[in-house]
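Peer 1: Quick one: the structure is below, questions incoming.
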Amino acid sequence: MKQAESSIASGVKIEGCHIENSIIYEQANIKGISLKIKNSIIGRHVFIEGLPAEGIDNVEYILGDKSVLSYSSKQEEDD
């Protein structure tokens, strides 16, 4: 995990992510986003997992408290 110019609150869990110029509030859980998360505000108790669409280099989020964002794999979409 890399962090550049970001504010990350206590209790945040981040796995396999690069975060830049973002604010992440308490108890957020971010995993499996191999793209850069840039210029984002992620609220308290937010859960983000999976990989967004192919062909992009970074993502930007503005997510309120208790939001859930789960990307399904391409294989699951084809079923």
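The way I read the labels, and the way they are meant: chains A, B, ... in the order of the structure tokens, residue 1 as the first residue of every chain, and ligand 1 as the first ligand shown, with later ones counted on from there.
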Apply DSSP to the structure's backbone, then extract all residues of chain A labelled alpha helix (DSSP H) and return them as a ChimeraX atom specification.
Peer 2: /A:74-78
Peer 1: Residues near A:Ser72, anyone? I mean within 10 Å using only C-alpha atoms, not counting same-chain ones fewer than 5 positions away, as a tab-separated table (two decimals) with all heavy atoms, in the first residue's frame.
Peer 2:
```
chain	number	residue	atom	x	y	z
A	49	GLU	N	-14.55	-3.32	-2.55
A	49	GLU	CA	-13.73	-4.47	-2.94
A	49	GLU	C	-13.88	-4.75	-4.42
A	49	GLU	O	-14.87	-4.39	-5.04
A	49	GLU	CB	-14.11	-5.72	-2.15
A	49	GLU	CG	-15.40	-6.35	-2.58
A	49	GLU	CD	-15.64	-7.73	-1.97
A	49	GLU	OE1	-14.70	-8.34	-1.45
A	49	GLU	OE2	-16.79	-8.16	-2.01
A	50	GLY	N	-12.88	-5.41	-4.97
A	50	GLY	CA	-12.92	-5.84	-6.36
A	50	GLY	C	-12.18	-4.89	-7.27
A	50	GLY	O	-11.58	-3.92	-6.83
A	51	LEU	N	-12.24	-5.18	-8.53
A	51	LEU	CA	-11.51	-4.41	-9.53
A	51	LEU	C	-12.49	-3.73	-10.47
A	51	LEU	O	-13.32	-4.39	-11.09
A	51	LEU	CB	-10.59	-5.35	-10.31
A	51	LEU	CG	-9.67	-4.70	-11.31
A	51	LEU	CD1	-8.71	-3.74	-10.61
A	51	LEU	CD2	-8.88	-5.76	-12.05
A	52	PRO	N	-12.39	-2.39	-10.60
A	52	PRO	CA	-13.25	-1.68	-11.56
A	52	PRO	C	-12.95	-2.10	-13.00
A	52	PRO	O	-12.06	-2.91	-13.24
A	52	PRO	CB	-12.88	-0.21	-11.33
A	52	PRO	CG	-12.23	-0.17	-10.01
A	52	PRO	CD	-11.56	-1.50	-9.83
A	53	ALA	N	-13.63	-1.52	-13.94
A	53	ALA	CA	-13.50	-1.87	-15.36
A	53	ALA	C	-12.05	-1.83	-15.84
A	53	ALA	O	-11.25	-1.04	-15.35
A	53	ALA	CB	-14.35	-0.93	-16.19
A	77	GLU	N	-20.14	-11.87	-14.29
A	77	GLU	CA	-21.08	-11.14	-15.12
A	77	GLU	C	-21.54	-11.99	-16.30
A	77	GLU	O	-22.65	-11.85	-16.79
A	77	GLU	CB	-20.42	-9.85	-15.64
A	77	GLU	CG	-20.19	-8.84	-14.55
A	77	GLU	CD	-19.39	-7.64	-15.04
A	77	GLU	OE1	-19.02	-7.63	-16.23
A	77	GLU	OE2	-19.14	-6.75	-14.24
```
Peer 1: Skip A:Ser22 itself and residues of its chain fewer than 4 positions away, then list as a list in words all residues within 10 Å of it, counting only C-alpha atoms.
Peer 2: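 Once the nearby chain positions are removed, what remains is Gln3, Ala4, Glu5, Ser6, Ser7, Ile8, Ile37, Lys38, Asn39, Ser40, Ile41, Ile42, Glu60, Tyr61 and Ile62 of chain A.
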Peer 1: Identify, on the basis of only C-alpha atoms, every residue whose closest approach to A:Lys66 does not exceed 10 Å; exclude the query and any residue fewer than 2 positions from it along the same chain; express the result as number ranges by chain.
Peer 2: A: 27-28, 42-47, 63-64, 68-69
Peer 1: Got a sec to tell me which of chain A DSSP assigns to strand (DSSP E or B), as a ChimeraX atom specification?
Peer 2: /A:2-4,7-8,13-15,18-20,23-24,29-31,36-38,41-42,47-49,58-59,62-63,68-70
Peer 1: Pull C-alpha atoms from the residues just selected and write them as a short mmCIF file (atom, residue, chain, number, x, y, z; two decimals), in the first residue's frame.
Peer 2:
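Generated file (part.cif):
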```
data_model
loop_
_atom_site.label_atom_id
_atom_site.label_comp_id
_atom_site.auth_asym_id
_atom_site.auth_seq_id
_atom_site.Cartn_x
_atom_site.Cartn_y
_atom_site.Cartn_z
CA LYS A 2 1.32 3.43 -0.94
CA GLN A 3 -0.02 6.65 0.48
CA ALA A 4 0.70 10.09 -0.99
CA SER A 7 -5.46 11.55 5.42
CA ILE A 8 -6.27 8.07 6.72
CA LYS A 13 -8.17 -1.44 6.61
CA ILE A 14 -6.43 -1.12 3.25
CA GLU A 15 -5.15 -4.09 1.26
CA HIS A 18 -2.39 2.85 -3.90
CA ILE A 19 -4.05 5.95 -2.43
CA GLU A 20 -3.28 9.54 -3.43
CA ILE A 23 -9.47 11.45 2.79
CA ILE A 24 -10.49 8.10 4.28
CA ASN A 29 -12.36 -1.25 4.48
CA ILE A 30 -10.75 -1.14 1.01
CA LYS A 31 -9.33 -4.23 -0.64
CA LYS A 36 -4.77 4.20 -7.95
CA ILE A 37 -7.50 5.67 -5.78
CA LYS A 38 -7.07 9.43 -6.28
CA ILE A 41 -13.44 11.12 -0.02
CA ILE A 42 -14.45 7.83 1.55
CA PHE A 47 -16.62 -1.18 2.19
CA ILE A 48 -14.99 -1.30 -1.27
CA GLU A 49 -13.73 -4.47 -2.94
CA ASN A 58 -7.19 5.28 -11.56
CA VAL A 59 -10.52 5.77 -9.84
CA ILE A 62 -16.99 10.25 -3.13
CA LEU A 63 -18.79 7.77 -0.89
CA VAL A 68 -20.83 -0.55 -0.07
CA LEU A 69 -19.17 -0.84 -3.48
CA SER A 70 -18.37 -4.35 -4.68
#
```
Peer 1: Please measure the separation of atom CA of A:Glu54 and atom CA of A:Leu35, giving the value in Å to one decimal.
Peer 2: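 Going from atom CA of A:Glu54 over to atom CA of A:Leu35, I get 9.9 Å.
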Peer 1: Using only C-alpha atoms, which of A:Asp57, A:Tyr71, A:Tyr25, A:Ile33 sits nearest A:Ala9?
Peer 2: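 So, comparing all the options, the nearest one is A:Tyr25.
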